[in-house]
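These notes are about the structure you will find just below.
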Amino acid sequence: MSSSGKLVAAGLASLLGLACSHAQRGKAETALAKALISDQQESQLGVQVKQQLEQEQHVKYLQDPAVVGFVKGITDKILPLAEKERPGVKWQVHVIDDPKTVNAFATPGGYLYVYSGLLLAADTPAEVAGVLSHEAGHVVARHSARQMVDAMGLEAVAALALGKNPSALSQVVAGAGGKGLMLANSREDETEADEYGARFASGAGYDPRGLITFFQKLEKLEGQQPGFAKFLSDHPPTPDRVSHLEQYIAANHLAGAGGRDPGDLPAVKAKIPKAPASAPPGGGPGS
Ligand SMILES: [Zn+2]
């Protein structure tokens, strides 16, 4: 960043001291972090998280063309809409071979990860589209900036963004890995990602209520089998969250009826290995 950029950053940082409430301060800090962290730094962070997933958590990806093709068929419709809201993201979509984990997540830089267990738990393409649209929303809204401020503090994020502390990036990734992948999103960020998600799903022609029906089903299953759905602990489906989505869809006249029928999904699920891939011998990354 240029020296005038540093001045702006210093000025904004001192303005933050004037923000009165804690919540306002948090918002101002996040806005500043978003202004400071470049797209390139986000991609770098995304690459590091991916390496950590592969090398330390021994994540394996499903390569079956039917499974990958099903997921990409959905993201090919959603991501052009995300691209309009935040141009220049180099999106990557990976299906993690783990049938026991019902989850999906996004990392800075436009990396979307969906576990094969989430595909097995879905009943319609609209549900998968709802989840992936929500995750794309986290990237478009740059929620990782707030996560980084929470994890490192604003000064460290600013130093990182200004290139003063390059090793900070590895520290964030290491810290995130210790807590199990990326850090949790705040409720506000989840709500915002839900709104993006409903818009992207609807814009892509899917029923925007897919995320709602998916939440409701997972809640039921979780009741029978606690610990089943990691997606629920990362995304607490509070009643106000579901009703906010309902209201948002109605208020914005979000239409879309696609993906309400199972379509190709049962055939795709039949191709998904039902036992987790075993870790490579010695715990090192596979070839
Ligand atoms: Zn989320």
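If you're wondering about the labels, chains in the structure tokens are A, B, ... by order shown, residues count from 1 in each chain, ligands from 1 in order shown.
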Could you give me, as JSON lines, a per-residue list for chain A showing, wherever an atom lies at most 9 Å from an atom of ligand 1, the closest pair of atoms and their distance in Å to one decimal, using only C-alpha atoms and all ligand atoms and sorting by chain then residue number from low to high?
```
{"residue": "A:Ala104", "atom": "CA", "partner": "ligand 1", "partner_atom_place_in_ligand_line": "1 (Zn)", "distance": 8.6}
{"residue": "A:Phe105", "atom": "CA", "partner": "ligand 1", "partner_atom_place_in_ligand_line": "1 (Zn)", "distance": 7.2}
{"residue": "A:Ala106", "atom": "CA", "partner": "ligand 1", "partner_atom_place_in_ligand_line": "1 (Zn)", "distance": 8.3}
{"residue": "A:Val131", "atom": "CA", "partner": "ligand 1", "partner_atom_place_in_ligand_line": "1 (Zn)", "distance": 8.4}
{"residue": "A:His134", "atom": "CA", "partner": "ligand 1", "partner_atom_place_in_ligand_line": "1 (Zn)", "distance": 6.2}
{"residue": "A:Glu135", "atom": "CA", "partner": "ligand 1", "partner_atom_place_in_ligand_line": "1 (Zn)", "distance": 5.9}
{"residue": "A:Gly137", "atom": "CA", "partner": "ligand 1", "partner_atom_place_in_ligand_line": "1 (Zn)", "distance": 8.2}
{"residue": "A:His138", "atom": "CA", "partner": "ligand 1", "partner_atom_place_in_ligand_line": "1 (Zn)", "distance": 6.6}
{"residue": "A:Ala184", "atom": "CA", "partner": "ligand 1", "partner_atom_place_in_ligand_line": "1 (Zn)", "distance": 8.3}
{"residue": "A:Asn185", "atom": "CA", "partner": "ligand 1", "partner_atom_place_in_ligand_line": "1 (Zn)", "distance": 6.4}
{"residue": "A:Ser186", "atom": "CA", "partner": "ligand 1", "partner_atom_place_in_ligand_line": "1 (Zn)", "distance": 8.7}
{"residue": "A:Arg187", "atom": "CA", "partner": "ligand 1", "partner_atom_place_in_ligand_line": "1 (Zn)", "distance": 8.7}
{"residue": "A:Asp189", "atom": "CA", "partner": "ligand 1", "partner_atom_place_in_ligand_line": "1 (Zn)", "distance": 7.4}
{"residue": "A:Glu190", "atom": "CA", "partner": "ligand 1", "partner_atom_place_in_ligand_line": "1 (Zn)", "distance": 4.8}
{"residue": "A:Thr191", "atom": "CA", "partner": "ligand 1", "partner_atom_place_in_ligand_line": "1 (Zn)", "distance": 8.1}
{"residue": "A:Glu192", "atom": "CA", "partner": "ligand 1", "partner_atom_place_in_ligand_line": "1 (Zn)", "distance": 8.9}
{"residue": "A:Ala193", "atom": "CA", "partner": "ligand 1", "partner_atom_place_in_ligand_line": "1 (Zn)", "distance": 6.1}
{"residue": "A:Asp194", "atom": "CA", "partner": "ligand 1", "partner_atom_place_in_ligand_line": "1 (Zn)", "distance": 7.4}
{"residue": "A:Phe231", "atom": "CA", "partner": "ligand 1", "partner_atom_place_in_ligand_line": "1 (Zn)", "distance": 8.5}
{"residue": "A:Asp234", "atom": "CA", "partner": "ligand 1", "partner_atom_place_in_ligand_line": "1 (Zn)", "distance": 6.9}
{"residue": "A:His235", "atom": "CA", "partner": "ligand 1", "partner_atom_place_in_ligand_line": "1 (Zn)", "distance": 5.7}
```
Just list as a VMD selection string whatever in stretch 3-233 of chain A DSSP marks as alpha helix (DSSP H). chain A and resid 3 to 16 22 to 36 39 to 55 65 to 85 116 to 121 125 to 140 144 to 152 154 to 161 168 to 178 187 to 203 210 to 224 230 to 233
Could those selected residues go to a file with C-alpha atoms, as a compact mmCIF listing (two decimals), in the first residue's frame?
```txt
# COMPACT_ATOMS: atom_id res chain seq x y z
CA SER A 3 2.16 5.98 1.96
CA SER A 4 -1.09 7.89 1.33
CA GLY A 5 -2.86 4.57 1.86
CA LYS A 6 -1.08 4.23 5.18
CA LEU A 7 -2.23 7.71 6.14
CA VAL A 8 -5.81 6.83 5.25
CA ALA A 9 -5.51 3.65 7.29
CA ALA A 10 -4.10 5.54 10.26
CA GLY A 11 -6.85 8.14 9.98
CA LEU A 12 -9.57 5.51 9.78
CA ALA A 13 -8.06 3.67 12.71
CA SER A 14 -8.16 6.79 14.85
CA LEU A 15 -11.75 7.43 13.80
CA LEU A 16 -12.59 3.98 15.13
CA HIS A 22 -18.91 -2.16 20.76
CA ALA A 23 -21.04 -3.30 17.81
CA GLN A 24 -20.35 -0.11 15.88
CA ARG A 25 -16.68 -0.46 16.57
CA GLY A 26 -16.74 -4.04 15.31
CA LYS A 27 -18.47 -2.92 12.12
CA ALA A 28 -16.02 -0.09 11.54
CA GLU A 29 -13.06 -2.40 12.14
CA THR A 30 -14.46 -4.92 9.67
CA ALA A 31 -15.02 -2.19 7.07
CA LEU A 32 -11.44 -1.07 7.53
CA ALA A 33 -10.13 -4.62 7.24
CA LYS A 34 -12.13 -5.09 4.03
CA ALA A 35 -10.58 -1.92 2.65
CA LEU A 36 -7.08 -3.00 3.62
CA ASP A 39 -8.03 -9.73 -3.31
CA GLN A 40 -4.55 -11.09 -3.83
CA GLN A 41 -4.00 -11.49 -0.08
CA GLU A 42 -7.33 -13.25 0.19
CA SER A 43 -6.34 -15.70 -2.55
CA GLN A 44 -3.03 -16.30 -0.81
CA LEU A 45 -4.91 -17.12 2.39
CA GLY A 46 -7.20 -19.45 0.43
CA VAL A 47 -4.20 -21.30 -1.01
CA GLN A 48 -2.67 -21.70 2.45
CA VAL A 49 -5.89 -23.04 3.95
CA LYS A 50 -6.17 -25.50 1.06
CA GLN A 51 -2.62 -26.72 1.64
CA GLN A 52 -3.35 -27.14 5.31
CA LEU A 53 -6.54 -29.08 4.58
CA GLU A 54 -4.62 -31.43 2.29
CA GLN A 55 -1.37 -31.79 4.21
CA PRO A 65 -17.28 -37.15 -12.82
CA ALA A 66 -20.96 -37.74 -12.01
CA VAL A 67 -20.59 -36.27 -8.51
CA VAL A 68 -18.27 -33.42 -9.45
CA GLY A 69 -20.37 -32.70 -12.55
CA PHE A 70 -23.54 -32.47 -10.46
CA VAL A 71 -21.98 -29.94 -8.07
CA LYS A 72 -20.34 -27.93 -10.87
CA GLY A 73 -23.63 -27.94 -12.78
CA ILE A 74 -25.06 -26.01 -9.83
CA THR A 75 -22.09 -23.70 -9.22
CA ASP A 76 -21.86 -22.91 -12.96
CA LYS A 77 -25.28 -21.28 -12.58
CA ILE A 78 -24.69 -19.61 -9.21
CA LEU A 79 -21.16 -18.25 -9.56
CA PRO A 80 -21.82 -15.93 -12.53
CA LEU A 81 -24.29 -14.14 -10.21
CA ALA A 82 -21.67 -13.98 -7.45
CA GLU A 83 -19.16 -12.72 -10.02
CA LYS A 84 -21.47 -9.79 -10.81
CA GLU A 85 -21.50 -8.73 -7.15
CA SER A 116 -19.93 -35.76 0.22
CA GLY A 117 -21.94 -36.28 3.45
CA LEU A 118 -23.86 -33.09 2.74
CA LEU A 119 -24.76 -34.32 -0.74
CA LEU A 120 -25.96 -37.61 0.79
CA ALA A 121 -28.13 -35.65 3.26
CA PRO A 125 -30.71 -29.97 -6.08
CA ALA A 126 -32.37 -26.82 -4.67
CA GLU A 127 -31.07 -27.75 -1.19
CA VAL A 128 -27.51 -28.15 -2.47
CA ALA A 129 -27.89 -24.91 -4.47
CA GLY A 130 -29.09 -23.12 -1.32
CA VAL A 131 -26.06 -24.24 0.68
CA LEU A 132 -23.54 -23.42 -2.06
CA SER A 133 -25.17 -20.03 -2.71
CA HIS A 134 -24.93 -19.25 1.00
CA GLU A 135 -21.24 -20.18 1.04
CA ALA A 136 -20.58 -18.07 -2.08
CA GLY A 137 -22.30 -15.23 -0.20
CA HIS A 138 -19.66 -15.40 2.55
CA VAL A 139 -16.97 -14.86 -0.09
CA VAL A 140 -18.83 -12.07 -1.90
CA SER A 144 -13.19 -13.45 6.29
CA ALA A 145 -12.13 -9.85 7.02
CA ARG A 146 -14.11 -9.86 10.26
CA GLN A 147 -12.84 -13.33 11.12
CA MET A 148 -9.31 -12.07 10.71
CA VAL A 149 -9.94 -9.00 12.85
CA ASP A 150 -11.44 -11.24 15.55
CA ALA A 151 -8.54 -13.67 15.38
CA MET A 152 -5.63 -11.26 15.13
CA LEU A 154 -7.14 -4.88 13.81
CA GLU A 155 -3.57 -3.71 14.19
CA ALA A 156 -2.16 -7.07 13.15
CA VAL A 157 -4.55 -7.24 10.17
CA ALA A 158 -3.51 -3.73 9.15
CA ALA A 159 0.19 -4.63 9.48
CA LEU A 160 -0.44 -7.73 7.38
CA ALA A 161 -2.35 -5.77 4.75
CA ALA A 168 0.94 -13.17 10.12
CA LEU A 169 -0.88 -14.91 7.28
CA SER A 170 0.55 -18.30 8.28
CA GLN A 171 -0.38 -17.58 11.88
CA VAL A 172 -4.01 -16.97 10.90
CA VAL A 173 -4.10 -20.19 8.95
CA ALA A 174 -2.45 -22.14 11.75
CA GLY A 175 -4.89 -20.65 14.26
CA ALA A 176 -7.85 -21.42 12.04
CA GLY A 177 -6.67 -24.99 11.56
CA GLY A 178 -6.36 -25.46 15.30
CA ARG A 187 -24.78 -14.39 13.33
CA GLU A 188 -24.94 -11.15 11.39
CA ASP A 189 -22.62 -12.55 8.75
CA GLU A 190 -24.70 -15.73 8.57
CA THR A 191 -27.82 -13.66 7.99
CA GLU A 192 -26.11 -11.68 5.26
CA ALA A 193 -24.86 -14.89 3.61
CA ASP A 194 -28.41 -16.26 3.78
CA GLU A 195 -29.67 -13.21 1.89
CA TYR A 196 -27.00 -13.54 -0.78
CA GLY A 197 -27.72 -17.26 -0.87
CA ALA A 198 -31.44 -16.82 -1.47
CA ARG A 199 -30.75 -14.24 -4.19
CA PHE A 200 -28.13 -16.35 -6.00
CA ALA A 201 -30.22 -19.54 -5.80
CA SER A 202 -33.31 -17.74 -7.09
CA GLY A 203 -31.35 -15.90 -9.79
CA GLY A 210 -33.90 -24.94 -0.55
CA LEU A 211 -31.72 -23.73 2.32
CA ILE A 212 -34.77 -23.53 4.59
CA THR A 213 -35.95 -27.07 3.87
CA PHE A 214 -32.39 -28.31 4.30
CA PHE A 215 -32.12 -26.66 7.74
CA GLN A 216 -35.46 -28.05 8.81
CA LYS A 217 -34.57 -31.57 7.73
CA LEU A 218 -31.15 -31.48 9.39
CA GLU A 219 -32.71 -30.27 12.62
CA LYS A 220 -35.04 -33.26 12.60
CA LEU A 221 -32.19 -35.69 11.87
CA GLU A 222 -29.96 -34.04 14.47
CA GLY A 223 -32.70 -34.66 17.05
CA GLN A 224 -32.53 -38.39 16.28
CA LYS A 230 -21.73 -30.17 11.53
CA PHE A 231 -23.46 -27.71 9.22
CA LEU A 232 -25.95 -26.97 12.00
CA SER A 233 -23.30 -26.14 14.59
```
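Proximity to A:Leu245 was assessed for A:Pro273, A:Arg209, A:Gly109, A:Val114 counting only C-alpha atoms; the smallest distance is recorded for A:Arg209.
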Using the chain letters and numbers from this document, which residues of stretch 23-272 of chain A does DSSP assign to strand (DSSP E), as a ChimeraX atom specification? /A:92-96,104-107,111-115
Between atom CA of A:Gly88 and atom CA of A:Asp64, what is the distance in Å, rounded to a tenth?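 Taking atom CA of A:Gly88 as the start and atom CA of A:Asp64 as the end point, the length is 28.3 Å.
Take atom CA of A:His143 and atom CA of A:Thr107: the distance between them is 9.4 Å.
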To one decimal in Å, tell me the separation between atom CA of A:Ile272 and atom CA of A:Asp98. 9.4 Å
